[in-house]
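Reviewing the structure listed below.
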Amino acid sequence: MSSPTDDRSPKLPRGWLRATVVSIIALAFVSAAAGFIAFLAQLRGAEKVPDRKADGIVVLTGGSSRVSDAMELLAAGYGRRLLISGVHPTSTANDISRTLPENQSFMTCCVDLDRTALSTRGNAAEARRWAEGRRFTSLIVVTSNYHMPRALVEFSHAMPRTTLIPFAVVGEKWREEPWWISGSTLRLLLSEYVKYVAAELRVRLEDFGIDLWPEMSEQPAGQQPKRPATAQAN
């Protein structure tokens with residue numbers, strides 16, 4: 001016959017395991033919330049003119065007014081050349097210049113187009129090749145404020161010896177409506193936060209020689225890559 005103590009003993013490990021699982025979930029939730037708050041603290045609420053000039057300017061396509069803001073920086077002399085990274089394969093310089101009539105003259109003299117990059121990581125790789133080919137040692141990076149933290153992670157990892165100067169573009173919707181009352185903006189920020197954390201994890205692992213997500217830059221001959229909309233890619 002089993003004693004009362006024997007009947008109760010199997011329940012102790014299950015209770016301990018349940019408490020452990022709940023504690024781990026709670027800790028993960030608190031850590032994720034703290035990380036998200038730290039991520040939000042990096043986002044600029046207003047555009048700020050760079051405090052210095054650079055050799056070149058790189059703008060990542062995909063967000064409202066990124067290219068026009070980068071062209072204004074080029075016209076103001078903040079860089080000698082501009083790279084527009086992530087341009088759709090079918091887009092031409094004329095297509096872009098038609099949307100920027102006030103800066104059309106710069107398209108022929110001082111702007112280069114990158115049609116290869118399909119992701120932020122690809123933007124960083126192409127920007128590195130562009131900068132190295134011109135012996136640029138400093139770059140102004142232009143992208144949306146919510147995308148800037150991840151862009152800087154990728155660019156800093158791709159070109160650790162290059163001075164990076166962020167210019168965060170703040171969209172009209174961001175200025176007009178607080179993110180916490182906009183469902184679409186909140187979803188965008190949560191999605192970007194997850195991508196930011198994944199980028200941080202990947203580059204840290206790569207520092208130890210572990211590449212879990214190799215960049216697929218080569219395409220089979222004669223095959224066009226399936227290119228997502230740049231606003232979603234970045």
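Chain identifiers are assigned as A, B, and so on, following the order in which chains appear in the structure tokens; residues are numbered from 1 within each chain, and ligands are numbered from 1 in order of appearance.
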
May I have the residues within 12 Å of Met71 of chain A as a PDB file with all heavy atoms, in the first residue's frame, using only C-alpha atoms and disregarding those fewer than 2 positions away in the same chain?
```pdb
ATOM      1  N   GLY A  56      30.257  60.176 -49.619  1.00  0.00           N
ATOM      2  CA  GLY A  56      29.121  59.764 -50.444  1.00  0.00           C
ATOM      3  C   GLY A  56      27.845  59.651 -49.640  1.00  0.00           C
ATOM      4  O   GLY A  56      27.853  59.713 -48.405  1.00  0.00           O
ATOM      5  N   ILE A  57      26.749  59.496 -50.359  1.00  0.00           N
ATOM      6  CA  ILE A  57      25.418  59.336 -49.758  1.00  0.00           C
ATOM      7  C   ILE A  57      24.798  58.071 -50.324  1.00  0.00           C
ATOM      8  O   ILE A  57      24.870  57.824 -51.532  1.00  0.00           O
ATOM      9  CB  ILE A  57      24.515  60.545 -50.075  1.00  0.00           C
ATOM     10  CG1 ILE A  57      25.169  61.852 -49.614  1.00  0.00           C
ATOM     11  CG2 ILE A  57      23.137  60.384 -49.433  1.00  0.00           C
ATOM     12  CD1 ILE A  57      24.455  63.103 -50.117  1.00  0.00           C
ATOM     13  N   VAL A  58      24.204  57.255 -49.461  1.00  0.00           N
ATOM     14  CA  VAL A  58      23.501  56.044 -49.897  1.00  0.00           C
ATOM     15  C   VAL A  58      22.068  56.129 -49.419  1.00  0.00           C
ATOM     16  O   VAL A  58      21.818  56.344 -48.220  1.00  0.00           O
ATOM     17  CB  VAL A  58      24.153  54.766 -49.343  1.00  0.00           C
ATOM     18  CG1 VAL A  58      23.379  53.537 -49.806  1.00  0.00           C
ATOM     19  CG2 VAL A  58      25.606  54.668 -49.768  1.00  0.00           C
ATOM     20  N   VAL A  59      21.115  55.973 -50.315  1.00  0.00           N
ATOM     21  CA  VAL A  59      19.710  55.960 -49.931  1.00  0.00           C
ATOM     22  C   VAL A  59      19.126  54.597 -50.264  1.00  0.00           C
ATOM     23  O   VAL A  59      19.365  54.041 -51.332  1.00  0.00           O
ATOM     24  CB  VAL A  59      18.906  57.086 -50.630  1.00  0.00           C
ATOM     25  CG1 VAL A  59      18.997  57.001 -52.150  1.00  0.00           C
ATOM     26  CG2 VAL A  59      17.443  57.050 -50.193  1.00  0.00           C
ATOM     27  N   SER A  65       9.545  59.519 -49.596  1.00  0.00           N
ATOM     28  CA  SER A  65      10.451  60.673 -49.705  1.00  0.00           C
ATOM     29  C   SER A  65      11.917  60.371 -49.411  1.00  0.00           C
ATOM     30  O   SER A  65      12.717  61.298 -49.279  1.00  0.00           O
ATOM     31  CB  SER A  65       9.978  61.832 -48.801  1.00  0.00           C
ATOM     32  OG  SER A  65      10.332  61.642 -47.452  1.00  0.00           O
ATOM     33  N   ARG A  66      12.301  59.100 -49.322  1.00  0.00           N
ATOM     34  CA  ARG A  66      13.715  58.805 -49.060  1.00  0.00           C
ATOM     35  C   ARG A  66      14.606  59.348 -50.169  1.00  0.00           C
ATOM     36  O   ARG A  66      15.624  60.014 -49.904  1.00  0.00           O
ATOM     37  CB  ARG A  66      13.933  57.289 -48.941  1.00  0.00           C
ATOM     38  CG  ARG A  66      13.289  56.623 -47.745  1.00  0.00           C
ATOM     39  CD  ARG A  66      13.666  55.133 -47.720  1.00  0.00           C
ATOM     40  NE  ARG A  66      12.896  54.374 -46.760  1.00  0.00           N
ATOM     41  CZ  ARG A  66      13.029  53.054 -46.581  1.00  0.00           C
ATOM     42  NH1 ARG A  66      13.906  52.379 -47.314  1.00  0.00           N
ATOM     43  NH2 ARG A  66      12.304  52.418 -45.683  1.00  0.00           N
ATOM     44  N   VAL A  67      14.249  59.056 -51.422  1.00  0.00           N
ATOM     45  CA  VAL A  67      15.103  59.443 -52.545  1.00  0.00           C
ATOM     46  C   VAL A  67      15.143  60.962 -52.683  1.00  0.00           C
ATOM     47  O   VAL A  67      16.215  61.550 -52.907  1.00  0.00           O
ATOM     48  CB  VAL A  67      14.630  58.778 -53.851  1.00  0.00           C
ATOM     49  CG1 VAL A  67      15.442  59.295 -55.041  1.00  0.00           C
ATOM     50  CG2 VAL A  67      14.765  57.256 -53.749  1.00  0.00           C
ATOM     51  N   SER A  68      14.006  61.621 -52.561  1.00  0.00           N
ATOM     52  CA  SER A  68      13.988  63.078 -52.706  1.00  0.00           C
ATOM     53  C   SER A  68      14.814  63.743 -51.609  1.00  0.00           C
ATOM     54  O   SER A  68      15.533  64.729 -51.860  1.00  0.00           O
ATOM     55  CB  SER A  68      12.547  63.598 -52.678  1.00  0.00           C
ATOM     56  OG  SER A  68      11.897  63.266 -51.465  1.00  0.00           O
ATOM     57  N   ASP A  69      14.756  63.215 -50.386  1.00  0.00           N
ATOM     58  CA  ASP A  69      15.568  63.782 -49.301  1.00  0.00           C
ATOM     59  C   ASP A  69      17.055  63.569 -49.568  1.00  0.00           C
ATOM     60  O   ASP A  69      17.880  64.452 -49.298  1.00  0.00           O
ATOM     61  CB  ASP A  69      15.182  63.145 -47.965  1.00  0.00           C
ATOM     62  CG  ASP A  69      13.880  63.697 -47.407  1.00  0.00           C
ATOM     63  OD1 ASP A  69      13.247  64.505 -48.101  1.00  0.00           O
ATOM     64  OD2 ASP A  69      13.498  63.325 -46.290  1.00  0.00           O
ATOM     65  N   LEU A  73      20.126  66.369 -50.067  1.00  0.00           N
ATOM     66  CA  LEU A  73      21.423  66.351 -49.382  1.00  0.00           C
ATOM     67  C   LEU A  73      22.562  66.451 -50.400  1.00  0.00           C
ATOM     68  O   LEU A  73      23.552  67.166 -50.171  1.00  0.00           O
ATOM     69  CB  LEU A  73      21.566  65.072 -48.557  1.00  0.00           C
ATOM     70  CG  LEU A  73      20.681  64.941 -47.311  1.00  0.00           C
ATOM     71  CD1 LEU A  73      20.836  63.557 -46.702  1.00  0.00           C
ATOM     72  CD2 LEU A  73      21.023  66.015 -46.284  1.00  0.00           C
ATOM     73  N   LEU A  74      22.420  65.740 -51.517  1.00  0.00           N
ATOM     74  CA  LEU A  74      23.437  65.797 -52.568  1.00  0.00           C
ATOM     75  C   LEU A  74      23.532  67.210 -53.135  1.00  0.00           C
ATOM     76  O   LEU A  74      24.636  67.754 -53.311  1.00  0.00           O
ATOM     77  CB  LEU A  74      23.100  64.804 -53.672  1.00  0.00           C
ATOM     78  CG  LEU A  74      24.051  64.756 -54.869  1.00  0.00           C
ATOM     79  CD1 LEU A  74      25.423  64.238 -54.443  1.00  0.00           C
ATOM     80  CD2 LEU A  74      23.459  63.871 -55.985  1.00  0.00           C
ATOM     81  N   ALA A  75      22.394  67.818 -53.396  1.00  0.00           N
ATOM     82  CA  ALA A  75      22.371  69.171 -53.958  1.00  0.00           C
ATOM     83  C   ALA A  75      22.960  70.192 -52.992  1.00  0.00           C
ATOM     84  O   ALA A  75      23.550  71.187 -53.415  1.00  0.00           O
ATOM     85  CB  ALA A  75      20.934  69.563 -54.310  1.00  0.00           C
ATOM     86  N   ALA A  76      22.827  69.920 -51.694  1.00  0.00           N
ATOM     87  CA  ALA A  76      23.367  70.835 -50.685  1.00  0.00           C
ATOM     88  C   ALA A  76      24.849  70.601 -50.421  1.00  0.00           C
ATOM     89  O   ALA A  76      25.439  71.305 -49.581  1.00  0.00           O
ATOM     90  CB  ALA A  76      22.575  70.692 -49.388  1.00  0.00           C
ATOM     91  N   GLY A  77      25.439  69.616 -51.105  1.00  0.00           N
ATOM     92  CA  GLY A  77      26.870  69.388 -50.972  1.00  0.00           C
ATOM     93  C   GLY A  77      27.285  68.516 -49.811  1.00  0.00           C
ATOM     94  O   GLY A  77      28.453  68.538 -49.398  1.00  0.00           O
ATOM     95  N   TYR A  78      26.357  67.707 -49.280  1.00  0.00           N
ATOM     96  CA  TYR A  78      26.709  66.845 -48.155  1.00  0.00           C
ATOM     97  C   TYR A  78      27.473  65.594 -48.589  1.00  0.00           C
ATOM     98  O   TYR A  78      28.002  64.865 -47.755  1.00  0.00           O
ATOM     99  CB  TYR A  78      25.443  66.443 -47.385  1.00  0.00           C
ATOM    100  CG  TYR A  78      24.989  67.509 -46.427  1.00  0.00           C
ATOM    101  CD1 TYR A  78      24.027  68.444 -46.807  1.00  0.00           C
ATOM    102  CD2 TYR A  78      25.533  67.609 -45.159  1.00  0.00           C
ATOM    103  CE1 TYR A  78      23.616  69.441 -45.936  1.00  0.00           C
ATOM    104  CE2 TYR A  78      25.126  68.594 -44.277  1.00  0.00           C
ATOM    105  CZ  TYR A  78      24.164  69.511 -44.672  1.00  0.00           C
ATOM    106  OH  TYR A  78      23.767  70.502 -43.810  1.00  0.00           O
ATOM    107  N   GLY A  79      27.514  65.328 -49.876  1.00  0.00           N
ATOM    108  CA  GLY A  79      28.292  64.210 -50.406  1.00  0.00           C
ATOM    109  C   GLY A  79      28.635  64.466 -51.863  1.00  0.00           C
ATOM    110  O   GLY A  79      27.966  65.272 -52.533  1.00  0.00           O
ATOM    111  N   ARG A  80      29.693  63.787 -52.350  1.00  0.00           N
ATOM    112  CA  ARG A  80      30.119  64.007 -53.737  1.00  0.00           C
ATOM    113  C   ARG A  80      29.293  63.190 -54.719  1.00  0.00           C
ATOM    114  O   ARG A  80      29.087  63.603 -55.861  1.00  0.00           O
ATOM    115  CB  ARG A  80      31.606  63.640 -53.881  1.00  0.00           C
ATOM    116  CG  ARG A  80      32.508  64.464 -52.991  1.00  0.00           C
ATOM    117  CD  ARG A  80      33.937  64.460 -53.482  1.00  0.00           C
ATOM    118  NE  ARG A  80      34.536  63.136 -53.536  1.00  0.00           N
ATOM    119  CZ  ARG A  80      35.221  62.587 -52.542  1.00  0.00           C
ATOM    120  NH1 ARG A  80      35.378  63.249 -51.401  1.00  0.00           N
ATOM    121  NH2 ARG A  80      35.762  61.400 -52.665  1.00  0.00           N
ATOM    122  N   ARG A  81      28.849  62.011 -54.301  1.00  0.00           N
ATOM    123  CA  ARG A  81      28.023  61.170 -55.169  1.00  0.00           C
ATOM    124  C   ARG A  81      26.933  60.503 -54.328  1.00  0.00           C
ATOM    125  O   ARG A  81      27.060  60.386 -53.100  1.00  0.00           O
ATOM    126  CB  ARG A  81      28.848  60.076 -55.875  1.00  0.00           C
ATOM    127  CG  ARG A  81      29.821  60.594 -56.909  1.00  0.00           C
ATOM    128  CD  ARG A  81      30.342  59.477 -57.801  1.00  0.00           C
ATOM    129  NE  ARG A  81      29.306  58.951 -58.704  1.00  0.00           N
ATOM    130  CZ  ARG A  81      28.983  59.503 -59.871  1.00  0.00           C
ATOM    131  NH1 ARG A  81      29.602  60.605 -60.286  1.00  0.00           N
ATOM    132  NH2 ARG A  81      28.049  58.973 -60.630  1.00  0.00           N
ATOM    133  N   LEU A  82      25.884  60.067 -55.034  1.00  0.00           N
ATOM    134  CA  LEU A  82      24.749  59.411 -54.387  1.00  0.00           C
ATOM    135  C   LEU A  82      24.528  58.041 -55.005  1.00  0.00           C
ATOM    136  O   LEU A  82      24.506  57.911 -56.233  1.00  0.00           O
ATOM    137  CB  LEU A  82      23.482  60.268 -54.543  1.00  0.00           C
ATOM    138  CG  LEU A  82      22.146  59.598 -54.191  1.00  0.00           C
ATOM    139  CD1 LEU A  82      22.074  59.278 -52.701  1.00  0.00           C
ATOM    140  CD2 LEU A  82      20.968  60.499 -54.605  1.00  0.00           C
ATOM    141  N   LEU A  83      24.354  57.033 -54.153  1.00  0.00           N
ATOM    142  CA  LEU A  83      23.958  55.703 -54.606  1.00  0.00           C
ATOM    143  C   LEU A  83      22.518  55.459 -54.189  1.00  0.00           C
ATOM    144  O   LEU A  83      22.186  55.549 -52.999  1.00  0.00           O
ATOM    145  CB  LEU A  83      24.856  54.624 -53.988  1.00  0.00           C
ATOM    146  CG  LEU A  83      24.426  53.172 -54.264  1.00  0.00           C
ATOM    147  CD1 LEU A  83      24.574  52.842 -55.749  1.00  0.00           C
ATOM    148  CD2 LEU A  83      25.211  52.183 -53.412  1.00  0.00           C
ATOM    149  N   ILE A  84      21.664  55.176 -55.172  1.00  0.00           N
ATOM    150  CA  ILE A  84      20.282  54.773 -54.884  1.00  0.00           C
ATOM    151  C   ILE A  84      20.256  53.259 -54.944  1.00  0.00           C
ATOM    152  O   ILE A  84      20.368  52.662 -56.019  1.00  0.00           O
ATOM    153  CB  ILE A  84      19.293  55.385 -55.887  1.00  0.00           C
ATOM    154  CG1 ILE A  84      19.433  56.914 -55.911  1.00  0.00           C
ATOM    155  CG2 ILE A  84      17.857  55.002 -55.523  1.00  0.00           C
ATOM    156  CD1 ILE A  84      18.527  57.598 -56.932  1.00  0.00           C
ATOM    157  N   ILE A  96      13.378  57.998 -62.607  1.00  0.00           N
ATOM    158  CA  ILE A  96      13.580  58.621 -61.302  1.00  0.00           C
ATOM    159  C   ILE A  96      13.647  60.136 -61.427  1.00  0.00           C
ATOM    160  O   ILE A  96      13.057  60.870 -60.619  1.00  0.00           O
ATOM    161  CB  ILE A  96      14.860  58.072 -60.639  1.00  0.00           C
ATOM    162  CG1 ILE A  96      14.716  56.567 -60.401  1.00  0.00           C
ATOM    163  CG2 ILE A  96      15.148  58.790 -59.331  1.00  0.00           C
ATOM    164  CD1 ILE A  96      15.973  55.904 -59.899  1.00  0.00           C
ATOM    165  N   SER A  97      14.350  60.623 -62.437  1.00  0.00           N
ATOM    166  CA  SER A  97      14.513  62.077 -62.588  1.00  0.00           C
ATOM    167  C   SER A  97      13.186  62.767 -62.843  1.00  0.00           C
ATOM    168  O   SER A  97      12.996  63.926 -62.452  1.00  0.00           O
ATOM    169  CB  SER A  97      15.502  62.388 -63.709  1.00  0.00           C
ATOM    170  OG  SER A  97      15.004  61.962 -64.970  1.00  0.00           O
ATOM    171  N   THR A  99      10.475  62.182 -61.400  1.00  0.00           N
ATOM    172  CA  THR A  99       9.820  62.409 -60.107  1.00  0.00           C
ATOM    173  C   THR A  99      10.534  63.467 -59.282  1.00  0.00           C
ATOM    174  O   THR A  99      10.025  63.885 -58.241  1.00  0.00           O
ATOM    175  CB  THR A  99       9.752  61.099 -59.301  1.00  0.00           C
ATOM    176  OG1 THR A  99      11.090  60.698 -58.946  1.00  0.00           O
ATOM    177  CG2 THR A  99       9.089  59.994 -60.103  1.00  0.00           C
ATOM    178  N   LEU A 100      11.706  63.879 -59.753  1.00  0.00           N
ATOM    179  CA  LEU A 100      12.500  64.876 -59.038  1.00  0.00           C
ATOM    180  C   LEU A 100      12.937  65.981 -60.001  1.00  0.00           C
ATOM    181  O   LEU A 100      14.127  66.159 -60.270  1.00  0.00           O
ATOM    182  CB  LEU A 100      13.737  64.221 -58.407  1.00  0.00           C
ATOM    183  CG  LEU A 100      13.473  63.021 -57.478  1.00  0.00           C
ATOM    184  CD1 LEU A 100      14.756  62.271 -57.213  1.00  0.00           C
ATOM    185  CD2 LEU A 100      12.847  63.506 -56.176  1.00  0.00           C
ATOM    186  N   PRO A 101      12.006  66.720 -60.565  1.00  0.00           N
ATOM    187  CA  PRO A 101      12.337  67.698 -61.615  1.00  0.00           C
ATOM    188  C   PRO A 101      13.320  68.763 -61.160  1.00  0.00           C
ATOM    189  O   PRO A 101      14.118  69.265 -61.959  1.00  0.00           O
ATOM    190  CB  PRO A 101      10.976  68.312 -61.962  1.00  0.00           C
ATOM    191  CG  PRO A 101      10.114  68.056 -60.768  1.00  0.00           C
ATOM    192  CD  PRO A 101      10.571  66.753 -60.215  1.00  0.00           C
ATOM    193  N   GLU A 102      13.304  69.113 -59.871  1.00  0.00           N
ATOM    194  CA  GLU A 102      14.183  70.186 -59.408  1.00  0.00           C
ATOM    195  C   GLU A 102      15.643  69.738 -59.309  1.00  0.00           C
ATOM    196  O   GLU A 102      16.550  70.569 -59.208  1.00  0.00           O
ATOM    197  CB  GLU A 102      13.711  70.717 -58.039  1.00  0.00           C
ATOM    198  CG  GLU A 102      13.803  69.730 -56.889  1.00  0.00           C
ATOM    199  CD  GLU A 102      12.637  68.756 -56.837  1.00  0.00           C
ATOM    200  OE1 GLU A 102      11.845  68.737 -57.800  1.00  0.00           O
ATOM    201  OE2 GLU A 102      12.517  68.032 -55.848  1.00  0.00           O
ATOM    202  N   ASN A 103      15.894  68.422 -59.331  1.00  0.00           N
ATOM    203  CA  ASN A 103      17.262  67.919 -59.197  1.00  0.00           C
ATOM    204  C   ASN A 103      17.675  67.034 -60.374  1.00  0.00           C
ATOM    205  O   ASN A 103      18.544  66.170 -60.227  1.00  0.00           O
ATOM    206  CB  ASN A 103      17.404  67.128 -57.882  1.00  0.00           C
ATOM    207  CG  ASN A 103      17.287  68.009 -56.658  1.00  0.00           C
ATOM    208  OD1 ASN A 103      17.886  69.076 -56.604  1.00  0.00           O
ATOM    209  ND2 ASN A 103      16.513  67.574 -55.673  1.00  0.00           N
ATOM    210  N   GLN A 104      17.066  67.234 -61.524  1.00  0.00           N
ATOM    211  CA  GLN A 104      17.357  66.381 -62.676  1.00  0.00           C
ATOM    212  C   GLN A 104      18.822  66.461 -63.102  1.00  0.00           C
ATOM    213  O   GLN A 104      19.407  65.477 -63.552  1.00  0.00           O
ATOM    214  CB  GLN A 104      16.450  66.766 -63.846  1.00  0.00           C
ATOM    215  CG  GLN A 104      15.020  66.263 -63.701  1.00  0.00           C
ATOM    216  CD  GLN A 104      14.203  66.519 -64.957  1.00  0.00           C
ATOM    217  OE1 GLN A 104      14.704  67.094 -65.915  1.00  0.00           O
ATOM    218  NE2 GLN A 104      12.954  66.089 -64.948  1.00  0.00           N
ATOM    219  N   SER A 105      19.454  67.616 -62.955  1.00  0.00           N
ATOM    220  CA  SER A 105      20.838  67.766 -63.414  1.00  0.00           C
ATOM    221  C   SER A 105      21.793  66.851 -62.659  1.00  0.00           C
ATOM    222  O   SER A 105      22.804  66.398 -63.206  1.00  0.00           O
ATOM    223  CB  SER A 105      21.291  69.225 -63.253  1.00  0.00           C
ATOM    224  OG  SER A 105      21.201  69.636 -61.898  1.00  0.00           O
ATOM    225  N   PHE A 106      21.464  66.526 -61.403  1.00  0.00           N
ATOM    226  CA  PHE A 106      22.353  65.673 -60.615  1.00  0.00           C
ATOM    227  C   PHE A 106      22.272  64.211 -61.050  1.00  0.00           C
ATOM    228  O   PHE A 106      23.205  63.436 -60.794  1.00  0.00           O
ATOM    229  CB  PHE A 106      22.005  65.781 -59.125  1.00  0.00           C
ATOM    230  CG  PHE A 106      22.388  67.093 -58.516  1.00  0.00           C
ATOM    231  CD1 PHE A 106      21.434  68.096 -58.358  1.00  0.00           C
ATOM    232  CD2 PHE A 106      23.682  67.345 -58.117  1.00  0.00           C
ATOM    233  CE1 PHE A 106      21.779  69.320 -57.810  1.00  0.00           C
ATOM    234  CE2 PHE A 106      24.045  68.576 -57.561  1.00  0.00           C
ATOM    235  CZ  PHE A 106      23.083  69.564 -57.414  1.00  0.00           C
ATOM    236  N   MET A 107      21.177  63.812 -61.697  1.00  0.00           N
ATOM    237  CA  MET A 107      21.029  62.420 -62.102  1.00  0.00           C
ATOM    238  C   MET A 107      22.089  62.021 -63.133  1.00  0.00           C
ATOM    239  O   MET A 107      22.532  60.877 -63.171  1.00  0.00           O
ATOM    240  CB  MET A 107      19.632  62.187 -62.694  1.00  0.00           C
ATOM    241  CG  MET A 107      18.509  62.223 -61.664  1.00  0.00           C
ATOM    242  SD  MET A 107      18.637  60.975 -60.361  1.00  0.00           S
ATOM    243  CE  MET A 107      18.597  59.473 -61.329  1.00  0.00           C
ATOM    244  N   CYS A 110      26.046  62.757 -60.943  1.00  0.00           N
ATOM    245  CA  CYS A 110      26.490  62.383 -59.602  1.00  0.00           C
ATOM    246  C   CYS A 110      25.689  61.267 -58.938  1.00  0.00           C
ATOM    247  O   CYS A 110      25.807  61.073 -57.725  1.00  0.00           O
ATOM    248  CB  CYS A 110      26.453  63.598 -58.679  1.00  0.00           C
ATOM    249  SG  CYS A 110      27.172  65.089 -59.395  1.00  0.00           S
ATOM    250  N   VAL A 111      24.859  60.563 -59.704  1.00  0.00           N
ATOM    251  CA  VAL A 111      23.996  59.539 -59.110  1.00  0.00           C
ATOM    252  C   VAL A 111      24.257  58.192 -59.757  1.00  0.00           C
ATOM    253  O   VAL A 111      24.343  58.074 -60.983  1.00  0.00           O
ATOM    254  CB  VAL A 111      22.500  59.914 -59.263  1.00  0.00           C
ATOM    255  CG1 VAL A 111      21.609  58.791 -58.728  1.00  0.00           C
ATOM    256  CG2 VAL A 111      22.204  61.222 -58.541  1.00  0.00           C
ATOM    257  N   ASP A 112      24.398  57.154 -58.939  1.00  0.00           N
ATOM    258  CA  ASP A 112      24.553  55.775 -59.403  1.00  0.00           C
ATOM    259  C   ASP A 112      23.364  54.958 -58.919  1.00  0.00           C
ATOM    260  O   ASP A 112      22.836  55.188 -57.815  1.00  0.00           O
ATOM    261  CB  ASP A 112      25.848  55.168 -58.870  1.00  0.00           C
ATOM    262  CG  ASP A 112      27.071  55.962 -59.309  1.00  0.00           C
ATOM    263  OD1 ASP A 112      27.245  56.126 -60.527  1.00  0.00           O
ATOM    264  OD2 ASP A 112      27.824  56.428 -58.432  1.00  0.00           O
ATOM    265  N   ILE A 140      26.780  59.012 -45.741  1.00  0.00           N
ATOM    266  CA  ILE A 140      25.504  59.361 -45.116  1.00  0.00           C
ATOM    267  C   ILE A 140      24.498  58.308 -45.554  1.00  0.00           C
ATOM    268  O   ILE A 140      24.311  58.082 -46.752  1.00  0.00           O
ATOM    269  CB  ILE A 140      25.041  60.772 -45.533  1.00  0.00           C
ATOM    270  CG1 ILE A 140      26.012  61.832 -44.993  1.00  0.00           C
ATOM    271  CG2 ILE A 140      23.629  61.044 -45.021  1.00  0.00           C
ATOM    272  CD1 ILE A 140      25.685  63.248 -45.431  1.00  0.00           C
ATOM    273  N   VAL A 142      20.703  57.126 -45.789  1.00  0.00           N
ATOM    274  CA  VAL A 142      19.361  57.707 -45.788  1.00  0.00           C
ATOM    275  C   VAL A 142      18.328  56.588 -45.885  1.00  0.00           C
ATOM    276  O   VAL A 142      18.322  55.803 -46.843  1.00  0.00           O
ATOM    277  CB  VAL A 142      19.177  58.680 -46.971  1.00  0.00           C
ATOM    278  CG1 VAL A 142      17.778  59.291 -46.941  1.00  0.00           C
ATOM    279  CG2 VAL A 142      20.241  59.770 -46.942  1.00  0.00           C
TER     280      VAL A 142
END
```

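Residues in contact with segment 171-188 of chain A at 12 Å, where only C-alpha atoms are counted and same-chain residues fewer than 6 positions away are skipped, are listed as Phe36, Leu40, Leu43, Arg44, Gly45, Ala46, Glu47, Gly62, Gly63, Ser64, Ser65, Arg66, Asp69, Thr143, Ser144, Asn145, Tyr146, His147, Val194, Lys195, Ala231, Gln232 and Asn234 of chain A.
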
| task | Tell me, in Å to one decimal, how far atom CA of Ala125 of chain A is from atom CA of Val49 of chain A. | result | 25.3 Å

| Contacts of Arg204 of chain A within 12 Å, only C-alpha atoms, excl. fewer than 5 positions in-chain, as a PyMOL selection string | chain A and resi 153-154+156-157+197-199+209-212

Write the selection just made, keeping N, CA and C atoms, as an mmCIF file, in the first residue's frame?
```
data_model
loop_
_atom_site.group_PDB
_atom_site.id
_atom_site.type_symbol
_atom_site.label_atom_id
_atom_site.label_comp_id
_atom_site.auth_asym_id
_atom_site.auth_seq_id
_atom_site.Cartn_x
_atom_site.Cartn_y
_atom_site.Cartn_z
ATOM 1 N N VAL A 153 22.875 48.401 -38.380
ATOM 2 C CA VAL A 153 23.448 47.092 -38.009
ATOM 3 C C VAL A 153 24.093 46.445 -39.225
ATOM 4 N N GLU A 154 23.363 46.424 -40.339
ATOM 5 C CA GLU A 154 23.871 45.776 -41.554
ATOM 6 C C GLU A 154 25.055 46.551 -42.144
ATOM 7 N N SER A 156 27.132 48.703 -40.624
ATOM 8 C CA SER A 156 28.294 48.656 -39.736
ATOM 9 C C SER A 156 29.009 47.315 -39.839
ATOM 10 N N HIS A 157 28.227 46.246 -40.018
ATOM 11 C CA HIS A 157 28.824 44.919 -40.142
ATOM 12 C C HIS A 157 29.519 44.756 -41.490
ATOM 13 N N VAL A 197 16.087 42.538 -34.456
ATOM 14 C CA VAL A 197 16.653 41.545 -33.534
ATOM 15 C C VAL A 197 17.314 40.411 -34.310
ATOM 16 N N ALA A 198 16.656 39.951 -35.384
ATOM 17 C CA ALA A 198 17.227 38.881 -36.207
ATOM 18 C C ALA A 198 18.543 39.322 -36.840
ATOM 19 N N ALA A 199 18.608 40.574 -37.291
ATOM 20 C CA ALA A 199 19.846 41.090 -37.886
ATOM 21 C C ALA A 199 20.958 41.160 -36.844
ATOM 22 N N GLY A 209 32.045 33.309 -36.773
ATOM 23 C CA GLY A 209 32.209 32.423 -37.914
ATOM 24 C C GLY A 209 31.009 31.553 -38.226
ATOM 25 N N ILE A 210 29.837 31.908 -37.681
ATOM 26 C CA ILE A 210 28.617 31.127 -37.912
ATOM 27 C C ILE A 210 27.676 31.944 -38.789
ATOM 28 N N ASP A 211 27.390 31.456 -39.997
ATOM 29 C CA ASP A 211 26.494 32.153 -40.916
ATOM 30 C C ASP A 211 25.279 31.273 -41.156
ATOM 31 N N LEU A 212 24.205 31.568 -40.429
ATOM 32 C CA LEU A 212 22.986 30.755 -40.537
ATOM 33 C C LEU A 212 22.125 31.148 -41.720
#
```

| message | Can you tell me, as a VMD selection string, which residues in segment 17-183 of chain A count as alpha helix (DSSP H) by DSSP? | response | chain A and resid 17 to 41 66 to 75 93 to 99 104 to 109 120 to 133 148 to 158 172 to 176 183

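One finds atom CA of Leu60 of chain A at 28.1 Å from atom CA of Ala34 of chain A.
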
| Backbone-only DSSP, strand (DSSP E or B) members of segment 97-195 of chain A, as a list in words |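 Of segment 97-195 of chain A, the ones in strand (DSSP E or B) are Val111, Asp112, Leu113, Asp114, Ser138, Leu139, Ile140, Val141, Val142, Thr143, Ser144, Thr163, Leu164, Ile165, Pro166, Phe167, Ala168 and Val169 of chain A.
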
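In this model, the gap between atom CA of Leu164 of chain A and atom CA of Pro89 of chain A comes to 26.8 Å.
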
| Contacts of Met159 of chain A at 12 Å (only C-alpha atoms; same-chain gap of 2+ positions) as a ChimeraX atom specification | /A:121,123-132,136-139,151-157,161-164
